[in-house]
file query_26.txt (compact mmCIF, C-alpha atoms)
# COMPACT_ATOMS: atom_id res chain seq x y z
CA MET A 1 -8.52 6.90 29.74
CA GLY A 2 -6.94 10.19 28.69
CA ALA A 3 -8.22 12.83 26.31
CA ASP A 4 -6.58 11.05 23.38
CA PRO A 5 -6.94 7.28 23.84
CA PHE A 6 -4.42 6.62 21.06
CA ARG A 7 -1.52 8.27 22.91
CA LEU A 8 1.21 6.13 24.50
CA ASP A 9 2.88 8.80 26.64
CA GLY A 10 4.83 7.36 29.56
CA ARG A 11 4.80 3.83 28.20
CA VAL A 12 7.65 1.64 27.01
CA ALA A 13 7.32 -0.62 23.97
CA LEU A 14 9.62 -3.38 22.73
CA VAL A 15 9.46 -4.30 19.04
CA THR A 16 11.30 -7.35 17.76
CA GLY A 17 12.49 -7.12 14.17
CA GLY A 18 11.99 -3.37 14.42
CA THR A 19 14.58 -2.02 12.00
CA ARG A 20 12.75 -2.66 8.71
CA GLY A 21 9.33 -3.07 7.17
CA ILE A 22 6.36 -3.54 9.46
CA GLY A 23 8.43 -3.59 12.64
CA ARG A 24 10.12 -0.30 11.81
CA ALA A 25 6.79 1.34 10.99
CA ILE A 26 5.37 0.14 14.32
CA ALA A 27 8.38 1.43 16.24
CA GLU A 28 8.14 4.86 14.61
CA THR A 29 4.37 5.07 15.03
CA PHE A 30 4.65 4.22 18.73
CA ALA A 31 7.37 6.84 19.15
CA ASP A 32 5.19 9.44 17.44
CA ALA A 33 2.46 8.54 19.94
CA GLY A 34 4.82 9.31 22.82
CA ALA A 35 6.19 5.88 23.78
CA ALA A 36 9.78 5.13 24.61
CA VAL A 37 10.84 2.35 22.25
CA ALA A 38 13.29 -0.55 22.36
CA VAL A 39 14.14 -2.51 19.22
CA LEU A 40 15.64 -5.98 18.93
CA ALA A 41 17.18 -6.98 15.58
CA ARG A 42 20.24 -8.74 14.24
CA LYS A 43 22.20 -6.12 12.28
CA GLN A 44 24.03 -3.45 14.25
CA ALA A 45 24.20 -0.90 11.43
CA GLU A 46 20.44 -1.03 10.96
CA LEU A 47 19.96 -0.79 14.71
CA ASP A 48 22.13 2.30 14.95
CA GLU A 49 20.20 4.04 12.18
CA THR A 50 16.89 3.06 13.79
CA ARG A 51 17.94 4.41 17.18
CA GLU A 52 18.83 7.76 15.63
CA ALA A 53 15.49 7.92 13.79
CA LEU A 54 13.54 7.16 16.96
CA ALA A 55 15.54 9.54 19.14
CA ALA A 56 14.92 12.30 16.59
CA ARG A 57 11.24 11.99 17.46
CA GLY A 58 12.03 13.19 20.96
CA VAL A 59 11.52 9.95 22.87
CA PRO A 60 13.98 7.66 24.69
CA ALA A 61 15.10 4.78 22.49
CA ILE A 62 17.41 1.81 22.90
CA VAL A 63 18.45 -0.93 20.50
CA HIS A 64 19.79 -4.41 21.14
CA ALA A 65 21.57 -6.73 18.72
CA GLY A 66 20.34 -10.29 18.70
CA SER A 67 17.95 -12.80 17.19
CA ALA A 68 14.33 -13.09 18.27
CA GLY A 69 14.97 -16.83 18.32
CA ASP A 70 17.74 -16.49 20.93
CA PRO A 71 16.46 -16.83 24.52
CA ASP A 72 19.47 -14.96 25.92
CA ALA A 73 18.92 -11.99 23.60
CA LEU A 74 15.25 -11.81 24.56
CA GLU A 75 16.00 -11.91 28.26
CA ALA A 76 18.69 -9.26 27.83
CA VAL A 77 16.59 -6.76 25.87
CA VAL A 78 13.65 -7.15 28.26
CA ALA A 79 15.97 -6.51 31.20
CA ARG A 80 17.32 -3.41 29.46
CA CYS A 81 13.80 -2.08 28.89
CA VAL A 82 13.06 -2.20 32.60
CA ALA A 83 16.48 -0.99 33.73
CA GLU A 84 17.05 1.78 31.17
CA LEU A 85 13.54 2.85 30.17
CA GLY A 86 11.72 2.11 33.41
CA SER A 87 9.08 -0.46 32.38
CA LEU A 88 7.83 -2.74 29.63
CA ASP A 89 4.22 -1.92 28.85
CA VAL A 90 3.89 -3.12 25.25
CA LEU A 91 5.56 -6.12 23.60
CA VAL A 92 5.31 -6.51 19.83
CA ASN A 93 6.38 -9.93 18.55
CA ASN A 94 7.06 -8.92 14.96
CA ALA A 95 10.30 -10.70 13.98
CA ALA A 96 9.84 -13.68 11.67
CA THR A 97 11.75 -15.74 9.16
CA ASN A 98 10.93 -17.78 6.07
CA PRO A 99 14.10 -19.52 4.87
CA PHE A 100 12.39 -22.02 2.55
CA LEU A 101 10.18 -21.71 -0.53
CA GLY A 102 8.51 -24.92 -1.68
CA PRO A 103 6.26 -27.80 -0.62
CA VAL A 104 6.27 -28.80 3.02
CA VAL A 105 7.23 -32.37 2.04
CA ASP A 106 10.53 -31.01 0.72
CA LEU A 107 11.24 -28.88 3.80
CA PRO A 108 14.79 -29.42 5.14
CA PRO A 109 15.01 -30.13 8.88
CA SER A 110 17.21 -27.07 9.38
CA ALA A 111 14.60 -24.77 7.82
CA LEU A 112 11.83 -26.30 9.92
CA ALA A 113 13.85 -25.76 13.09
CA LYS A 114 14.61 -22.15 12.14
CA VAL A 115 11.00 -21.24 11.40
CA LEU A 116 9.74 -22.75 14.64
CA GLU A 117 12.58 -21.20 16.66
CA VAL A 118 11.98 -17.64 15.47
CA ASN A 119 8.27 -17.56 14.59
CA VAL A 120 6.82 -19.65 17.42
CA ALA A 121 9.32 -20.28 20.21
CA GLY A 122 10.61 -16.71 19.98
CA PRO A 123 7.26 -15.08 20.82
CA VAL A 124 6.67 -17.59 23.62
CA ARG A 125 10.02 -16.79 25.18
CA ALA A 126 9.56 -13.04 24.72
CA VAL A 127 6.21 -13.19 26.49
CA GLN A 128 7.70 -15.27 29.31
CA ALA A 129 10.53 -12.78 29.78
CA ALA A 130 8.18 -9.77 29.69
CA TRP A 131 5.80 -11.44 32.14
CA ARG A 132 8.51 -12.23 34.66
CA ALA A 133 10.26 -8.87 34.39
CA TRP A 134 7.26 -6.53 34.42
CA MET A 135 3.82 -7.54 33.19
CA ALA A 136 2.88 -10.07 35.89
CA GLU A 137 2.89 -7.28 38.47
CA HIS A 138 2.09 -4.22 36.37
CA GLY A 139 0.05 -5.47 33.41
CA GLY A 140 0.59 -4.61 29.78
CA VAL A 141 -0.21 -5.32 26.17
CA ILE A 142 1.14 -8.00 23.83
CA ILE A 143 0.74 -7.80 20.05
CA ASN A 144 1.68 -10.73 17.83
CA VAL A 145 2.25 -10.01 14.14
CA ALA A 146 0.84 -13.05 12.36
CA SER A 147 -0.33 -13.26 8.72
CA ILE A 148 -3.38 -14.13 6.66
CA GLY A 149 -1.25 -17.17 5.82
CA GLY A 150 -2.17 -18.36 9.30
CA ILE A 151 -5.82 -18.33 8.26
CA ARG A 152 -5.67 -19.84 4.78
CA THR A 153 -3.22 -21.96 2.80
CA SER A 154 -0.99 -20.73 0.00
CA PRO A 155 1.62 -22.44 -2.18
CA GLY A 156 5.32 -22.27 -1.47
CA ILE A 157 5.25 -20.82 2.05
CA GLY A 158 3.36 -23.58 3.82
CA ILE A 159 5.59 -23.93 6.86
CA TYR A 160 5.65 -20.15 7.35
CA ASN A 161 1.85 -20.21 7.29
CA VAL A 162 1.77 -23.05 9.79
CA SER A 163 3.94 -21.01 12.16
CA LYS A 164 1.59 -18.03 11.82
CA ALA A 165 -1.43 -20.23 12.50
CA ALA A 166 0.33 -21.31 15.69
CA LEU A 167 0.91 -17.67 16.59
CA ILE A 168 -2.78 -16.87 16.15
CA HIS A 169 -3.72 -19.75 18.44
CA LEU A 170 -1.02 -18.70 20.90
CA THR A 171 -2.62 -15.25 20.99
CA GLN A 172 -5.93 -16.70 22.13
CA GLN A 173 -4.27 -19.01 24.64
CA LEU A 174 -2.25 -16.20 26.21
CA ALA A 175 -5.22 -13.84 26.25
CA GLY A 176 -7.05 -16.29 28.47
CA GLU A 177 -4.08 -17.11 30.67
CA LEU A 178 -2.81 -13.55 31.25
CA ALA A 179 -6.15 -11.78 31.71
CA PRO A 180 -7.16 -9.44 33.19
CA GLY A 181 -3.87 -7.63 33.59
CA VAL A 182 -2.41 -8.27 30.15
CA ARG A 183 -4.28 -7.94 26.86
CA VAL A 184 -3.03 -10.12 24.00
CA ASN A 185 -4.05 -9.58 20.37
CA ALA A 186 -2.68 -10.31 16.91
CA LEU A 187 -2.48 -8.68 13.51
CA ALA A 188 -2.81 -10.74 10.33
CA PRO A 189 -1.42 -8.72 7.43
CA GLY A 190 -1.88 -9.67 3.83
CA LEU A 191 0.67 -8.71 1.18
CA VAL A 192 2.64 -5.70 2.40
CA ARG A 193 5.40 -3.80 0.63
CA THR A 194 8.38 -5.12 2.59
CA ASP A 195 11.75 -6.59 1.64
CA MET A 196 10.67 -9.96 3.00
CA ALA A 197 7.68 -10.06 0.64
CA ARG A 198 9.44 -8.46 -2.33
CA ALA A 199 9.35 -11.61 -4.45
CA LEU A 200 5.56 -11.70 -4.15
CA TRP A 201 4.81 -8.18 -5.36
CA GLU A 202 7.78 -6.68 -7.20
CA PRO A 203 7.66 -8.67 -10.49
CA ASN A 204 4.18 -7.37 -11.41
CA GLU A 205 2.87 -5.03 -8.74
CA GLU A 206 0.07 -3.59 -10.90
CA ALA A 207 -1.46 -7.00 -11.51
CA VAL A 208 -1.03 -8.00 -7.87
CA ALA A 209 -2.69 -4.77 -6.74
CA ARG A 210 -5.75 -5.54 -8.86
CA MET A 211 -6.25 -8.75 -6.88
CA HIS A 212 -7.06 -6.63 -3.82
CA PRO A 213 -10.56 -5.12 -3.58
CA VAL A 214 -9.05 -1.84 -2.34
CA GLY A 215 -6.82 -1.73 -5.44
CA ARG A 216 -3.37 -1.77 -3.86
CA ILE A 217 -1.00 -3.85 -1.78
CA GLY A 218 -0.44 -2.91 1.83
CA GLU A 219 2.08 -0.48 3.24
CA PRO A 220 3.88 -0.93 6.57
CA ALA A 221 2.02 2.12 7.89
CA ASP A 222 -1.30 0.32 7.38
CA ILE A 223 -0.20 -2.32 9.86
CA ALA A 224 1.45 0.14 12.25
CA ARG A 225 -1.74 2.15 12.70
CA ALA A 226 -3.62 -1.00 13.68
CA ALA A 227 -0.82 -1.89 16.10
CA LEU A 228 -1.18 1.54 17.70
CA TYR A 229 -4.88 0.88 18.23
CA LEU A 230 -4.14 -2.42 19.95
CA ALA A 231 -1.34 -0.94 22.07
CA SER A 232 -3.39 2.02 23.23
CA ASP A 233 -6.33 2.56 25.57
CA ALA A 234 -8.55 2.85 22.48
CA SER A 235 -8.71 -0.97 22.50
CA ALA A 236 -9.04 -1.36 26.27
CA TRP A 237 -11.90 -3.87 25.86
CA VAL A 238 -10.20 -5.98 23.18
CA THR A 239 -8.24 -9.16 23.87
CA GLY A 240 -7.77 -12.52 22.19
CA GLU A 241 -8.56 -11.07 18.77
CA THR A 242 -6.78 -11.27 15.41
CA ILE A 243 -7.31 -8.26 13.17
CA VAL A 244 -7.05 -9.05 9.45
CA LEU A 245 -5.40 -6.30 7.36
CA ASP A 246 -5.37 -7.54 3.79
CA GLY A 247 -7.07 -4.98 1.55
CA GLY A 248 -10.06 -7.30 1.29
CA THR A 249 -8.18 -10.31 -0.10
CA LEU A 250 -10.01 -12.88 2.01
CA ILE A 251 -13.42 -11.87 0.68
CA ARG A 252 -12.50 -13.05 -2.82
call {"tool": "encode", "arguments": {"input": "query_26.txt", "output": "C-alpha cells"}}
result
Amino acid sequence: MGADPFRLDGRVALVTGGTRGIGRAIAETFADAGAAVAVLARKQAELDETREALAARGVPAIVHAGSAGDPDALEAVVARCVAELGSLDVLVNNAATNPFLGPVVDLPPSALAKVLEVNVAGPVRAVQAAWRAWMAEHGGVIINVASIGGIRTSPGIGIYNVSKAALIHLTQQLAGELAPGVRVNALAPGLVRTDMARALWEPNEEAVARMHPVGRIGEPADIARAALYLASDASAWVTGETIVLDGGTLIR
C-alpha cells in the first residue's frame, strides 16, 4: 500500500453510463486520483465531451459508444481497455434504466425485458468480459452501483428496485466466487441530484431535503467519493459489502 491509499495511479477503470450524473462524477474522481479511465455510454456527443473533460485532467481516457445491455459493446470496450490503456483494474457497473413508472402488475413485457437487460444482465456480462480479458489473471476491483430501492420497497419504481436488489445479491455472489483476486462491492445511493431522478426531487426540493436527516439530497460527488474508497487500496480488506449512501433516509 502506497503513501496515499486513495490514489489510483497506474490503474485503468471502466465506468458504464459514465457521461452523466453519478457515473460522470465517478469517472472524474477516478481521473483526479490518477487512473486512466474508459467510459461506455450511448450518446456520442456526450462521450466526446466526457473524453475531453477527462483528458484535461492529465490522464489517458477513451470512450466507447454502446449500451450497457449490449454484450457486443461490453466485450468491445473491455478489449479496448486492455489494448489501448494496458489493463482493466476497476470495473464500475453504473449504467441503469427505468423505463416504467407504475405498479409492477401493470409492467409491460418490453419494459421488464429492458430493465433486466441493462440493470442485471449488463453487469453480469461486463464482469464476465472483464474476468476473461484481465481480472482472472491479474485481479481487480468491481463496484456495482445499486440503490436503497434494492433494500426497501417504494411506489412506482418497483421493477427498478427489484433489479437493484438482484444487483446487491449479485455483488455478494461474485465476491465469494472471485475471491481472493477480485474484490466486489456495491453502493446503494438514496435520492441523488441526477437527471434520472429529477422527477423525484425537482418539484419540491426543499421539502424532499427535509426528509433526510442530514438536511439535503445527495450529490453525485457524494457517491463518487465512496466509489474511490472501494476502488482504492484504502478498502483492501472489504469485499461483498453494500455501502448505503442516503443521507440517513433508512433510519427514519
call {"tool": "closest_residue", "arguments": {"input": "query_26.txt", "among": "A:Leu54, A:Ile142, A:Ile157, A:Ala73", "to": "Pro103 of chain A", "atoms": "all atoms listed in the file"}}
result
A:Ile157
call {"tool": "residues_around", "arguments": {"input": "query_26.txt", "residues": "Gln128 of chain A", "least_positions_apart": "6", "cutoff": "10 Å", "atoms": "all atoms listed in the file", "output": "list in words"}}
result
Leu74, Glu75, Gly122, Met135 and Ala136 of chain A
call {"tool": "write_last_selection", "arguments": {"input": "query_26.txt", "atoms": "C-alpha atoms", "output": "mmCIF file, in the coordinates of the input"}}
result
data_model
loop_
_atom_site.group_PDB
_atom_site.id
_atom_site.type_symbol
_atom_site.label_atom_id
_atom_site.label_comp_id
_atom_site.auth_asym_id
_atom_site.auth_seq_id
_atom_site.Cartn_x
_atom_site.Cartn_y
_atom_site.Cartn_z
ATOM 1 C CA LEU A 74 15.250 -11.810 24.560
ATOM 2 C CA GLU A 75 16.000 -11.910 28.260
ATOM 3 C CA GLY A 122 10.610 -16.710 19.980
ATOM 4 C CA MET A 135 3.820 -7.540 33.190
ATOM 5 C CA ALA A 136 2.880 -10.070 35.890
#
call {"tool": "axis_aligned_box", "arguments": {"input": "query_26.txt", "around": "segment 132-143 of chain A", "padding_each_side": "3 Å", "output": "lines of an AutoDock Vina configuration file"}}
result
center_x = 5.0
center_y = -8.2
center_z = 29.3
size_x = 16.5
size_y = 14.0
size_z = 24.4
call {"tool": "closest_residue", "arguments": {"input": "query_26.txt", "among": "A:Glu206, A:Ala53, A:Ser154, A:Leu112", "to": "Ala25 of chain A", "atoms": "all atoms listed in the file"}}
result
A:Ala53
call {"tool": "closest_residue", "arguments": {"input": "query_26.txt", "among": "A:Asn94, A:Ser147, A:Thr29, A:Thr242", "to": "Arg225 of chain A", "atoms": "all atoms listed in the file"}}
result
A:Thr29
call {"tool": "residues_around", "arguments": {"input": "query_26.txt", "residues": "Pro213 of chain A", "least_positions_apart": "2", "cutoff": "9 Å", "atoms": "all atoms listed in the file", "output": "ChimeraX atom specification"}}
result
/A:209-211,215-216,247-249,251-252
call {"tool": "write_last_selection", "arguments": {"input": "query_26.txt", "atoms": "C-alpha atoms", "output": "tab-separated table (two decimals), in the coordinates of the input"}}
result
chain	number	residue	atom	x	y	z
A	209	ALA	CA	-2.69	-4.77	-6.74
A	210	ARG	CA	-5.75	-5.54	-8.86
A	211	MET	CA	-6.25	-8.75	-6.88
A	215	GLY	CA	-6.82	-1.73	-5.44
A	216	ARG	CA	-3.37	-1.77	-3.86
A	247	GLY	CA	-7.07	-4.98	1.55
A	248	GLY	CA	-10.06	-7.30	1.29
A	249	THR	CA	-8.18	-10.31	-0.10
A	251	ILE	CA	-13.42	-11.87	0.68
A	252	ARG	CA	-12.50	-13.05	-2.82
call {"tool": "residues_around", "arguments": {"input": "query_26.txt", "residues": "Arg51 of chain A", "least_positions_apart": "6", "cutoff": "8 Å", "atoms": "all atoms listed in the file", "output": "list in words"}}
result
Ala61, Ile62 and Val63 of chain A
call {"tool": "closest_residue", "arguments": {"input": "query_26.txt", "among": "A:Glu117, A:Glu137, A:Asp246, A:Glu46", "to": "Tyr160 of chain A", "atoms": "all atoms listed in the file"}}
result
A:Glu117
call {"tool": "residues_around", "arguments": {"input": "query_26.txt", "residues": "Arg125 of chain A", "least_positions_apart": "2", "cutoff": "9 Å", "atoms": "all atoms listed in the file", "output": "list in words"}}
result
Ala68, Gly69, Asp70, Pro71, Leu74, Glu75, Val120, Ala121, Gly122, Pro123, Val127, Gln128, Ala129 and Ala130 of chain A
call {"tool": "closest_residue", "arguments": {"input": "query_26.txt", "among": "A:Arg80, A:Gly176, A:Leu228, A:Asp233", "to": "Ala31 of chain A", "atoms": "all atoms listed in the file"}}
result
A:Leu228
call {"tool": "residues_around", "arguments": {"input": "query_26.txt", "residues": "Leu245 of chain A", "least_positions_apart": "4", "cutoff": "8 Å", "atoms": "only C-alpha atoms", "output": "ChimeraX atom specification"}}
result
/A:187-190,222-223
call {"tool": "write_last_selection", "arguments": {"input": "query_26.txt", "atoms": "C-alpha atoms", "output": "tab-separated table (two decimals), in the coordinates of the input"}}
result
chain	number	residue	atom	x	y	z
A	187	LEU	CA	-2.48	-8.68	13.51
A	188	ALA	CA	-2.81	-10.74	10.33
A	189	PRO	CA	-1.42	-8.72	7.43
A	190	GLY	CA	-1.88	-9.67	3.83
A	222	ASP	CA	-1.30	0.32	7.38
A	223	ILE	CA	-0.20	-2.32	9.86
call {"tool": "decode", "arguments": {"input": "query_26.txt", "residues": "segment 223-236 of chain A", "atoms": "all heavy atoms", "output": "CSV table (one decimal), in the first residue's frame"}}
result
chain,number,residue,atom,x,y,z
A,223,ILE,N,-21.4,10.1,-4.0
A,223,ILE,CA,-21.3,8.7,-4.4
A,223,ILE,C,-19.9,8.4,-4.9
A,223,ILE,O,-19.3,7.4,-4.7
A,223,ILE,CB,-22.4,8.3,-5.4
A,223,ILE,CG1,-23.8,8.9,-5.0
A,223,ILE,CG2,-22.5,6.8,-5.6
A,223,ILE,CD1,-24.2,8.5,-3.6
A,224,ALA,N,-19.4,9.4,-5.7
A,224,ALA,CA,-18.1,9.2,-6.3
A,224,ALA,C,-17.0,9.0,-5.3
A,224,ALA,O,-16.1,8.2,-5.5
A,224,ALA,CB,-17.8,10.3,-7.2
A,225,ARG,N,-17.1,9.7,-4.2
A,225,ARG,CA,-16.0,9.6,-3.1
A,225,ARG,C,-16.1,8.2,-2.5
A,225,ARG,O,-15.0,7.6,-2.2
A,225,ARG,CB,-16.2,10.7,-2.1
A,225,ARG,CG,-15.7,12.1,-2.6
A,225,ARG,CD,-15.7,13.1,-1.5
A,225,ARG,NE,-17.0,13.5,-1.1
A,225,ARG,CZ,-17.7,14.6,-1.6
A,225,ARG,NH1,-17.1,15.4,-2.5
A,225,ARG,NH2,-18.9,14.9,-1.1
A,226,ALA,N,-17.3,7.7,-2.3
A,226,ALA,CA,-17.4,6.3,-1.8
A,226,ALA,C,-16.8,5.3,-2.8
A,226,ALA,O,-16.2,4.3,-2.4
A,226,ALA,CB,-18.8,6.0,-1.4
A,227,ALA,N,-17.1,5.5,-4.1
A,227,ALA,CA,-16.6,4.7,-5.1
A,227,ALA,C,-15.1,4.7,-5.1
A,227,ALA,O,-14.4,3.6,-5.3
A,227,ALA,CB,-17.1,5.1,-6.5
A,228,LEU,N,-14.5,5.8,-4.9
A,228,LEU,CA,-13.0,5.9,-4.9
A,228,LEU,C,-12.5,5.1,-3.7
A,228,LEU,O,-11.5,4.4,-3.8
A,228,LEU,CB,-12.6,7.4,-4.7
A,228,LEU,CG,-11.1,7.6,-4.5
A,228,LEU,CD1,-10.3,7.1,-5.7
A,228,LEU,CD2,-10.8,9.1,-4.3
A,229,TYR,N,-13.1,5.1,-2.6
A,229,TYR,CA,-12.7,4.3,-1.4
A,229,TYR,C,-12.7,2.8,-1.8
A,229,TYR,O,-11.7,2.1,-1.6
A,229,TYR,CB,-13.6,4.6,-0.2
A,229,TYR,CG,-13.5,3.5,0.9
A,229,TYR,CD1,-12.4,3.4,1.7
A,229,TYR,CD2,-14.6,2.6,1.1
A,229,TYR,CE1,-12.3,2.5,2.7
A,229,TYR,CE2,-14.5,1.7,2.1
A,229,TYR,CZ,-13.4,1.6,2.9
A,229,TYR,OH,-13.3,0.6,3.9
A,230,LEU,N,-13.8,2.4,-2.4
A,230,LEU,CA,-13.9,1.0,-2.8
A,230,LEU,C,-12.9,0.6,-3.9
A,230,LEU,O,-12.5,-0.6,-3.9
A,230,LEU,CB,-15.3,0.6,-3.2
A,230,LEU,CG,-16.4,0.7,-2.1
A,230,LEU,CD1,-17.8,0.4,-2.7
A,230,LEU,CD2,-16.1,-0.3,-1.0
A,231,ALA,N,-12.6,1.5,-4.8
A,231,ALA,CA,-11.7,1.2,-5.9
A,231,ALA,C,-10.2,1.1,-5.4
A,231,ALA,O,-9.4,0.5,-6.0
A,231,ALA,CB,-11.8,2.2,-7.0
A,232,SER,N,-9.9,1.8,-4.3
A,232,SER,CA,-8.5,2.0,-3.9
A,232,SER,C,-8.1,1.0,-2.9
A,232,SER,O,-8.9,0.2,-2.3
A,232,SER,CB,-8.4,3.4,-3.3
A,232,SER,OG,-9.0,3.5,-2.0
A,233,ASP,N,-6.8,1.1,-2.5
A,233,ASP,CA,-6.2,0.2,-1.5
A,233,ASP,C,-6.7,0.5,-0.1
A,233,ASP,O,-6.5,-0.2,0.8
A,233,ASP,CB,-4.7,0.3,-1.5
A,233,ASP,CG,-4.1,-0.3,-2.8
A,233,ASP,OD1,-4.8,-1.1,-3.5
A,233,ASP,OD2,-2.9,0.1,-3.1
A,234,ALA,N,-7.4,1.7,0.0
A,234,ALA,CA,-7.9,2.0,1.3
A,234,ALA,C,-9.0,1.0,1.8
A,234,ALA,O,-9.2,0.8,3.0
A,234,ALA,CB,-8.6,3.4,1.3
A,235,SER,N,-9.6,0.3,0.8
A,235,SER,CA,-10.6,-0.7,1.2
A,235,SER,C,-10.1,-2.1,0.9
A,235,SER,O,-10.9,-3.0,0.6
A,235,SER,CB,-11.9,-0.4,0.4
A,235,SER,OG,-11.7,-0.6,-1.0
A,236,ALA,N,-8.8,-2.3,1.0
A,236,ALA,CA,-8.2,-3.6,0.6
A,236,ALA,C,-8.8,-4.8,1.4
A,236,ALA,O,-8.6,-5.9,0.9
A,236,ALA,CB,-6.7,-3.5,0.8
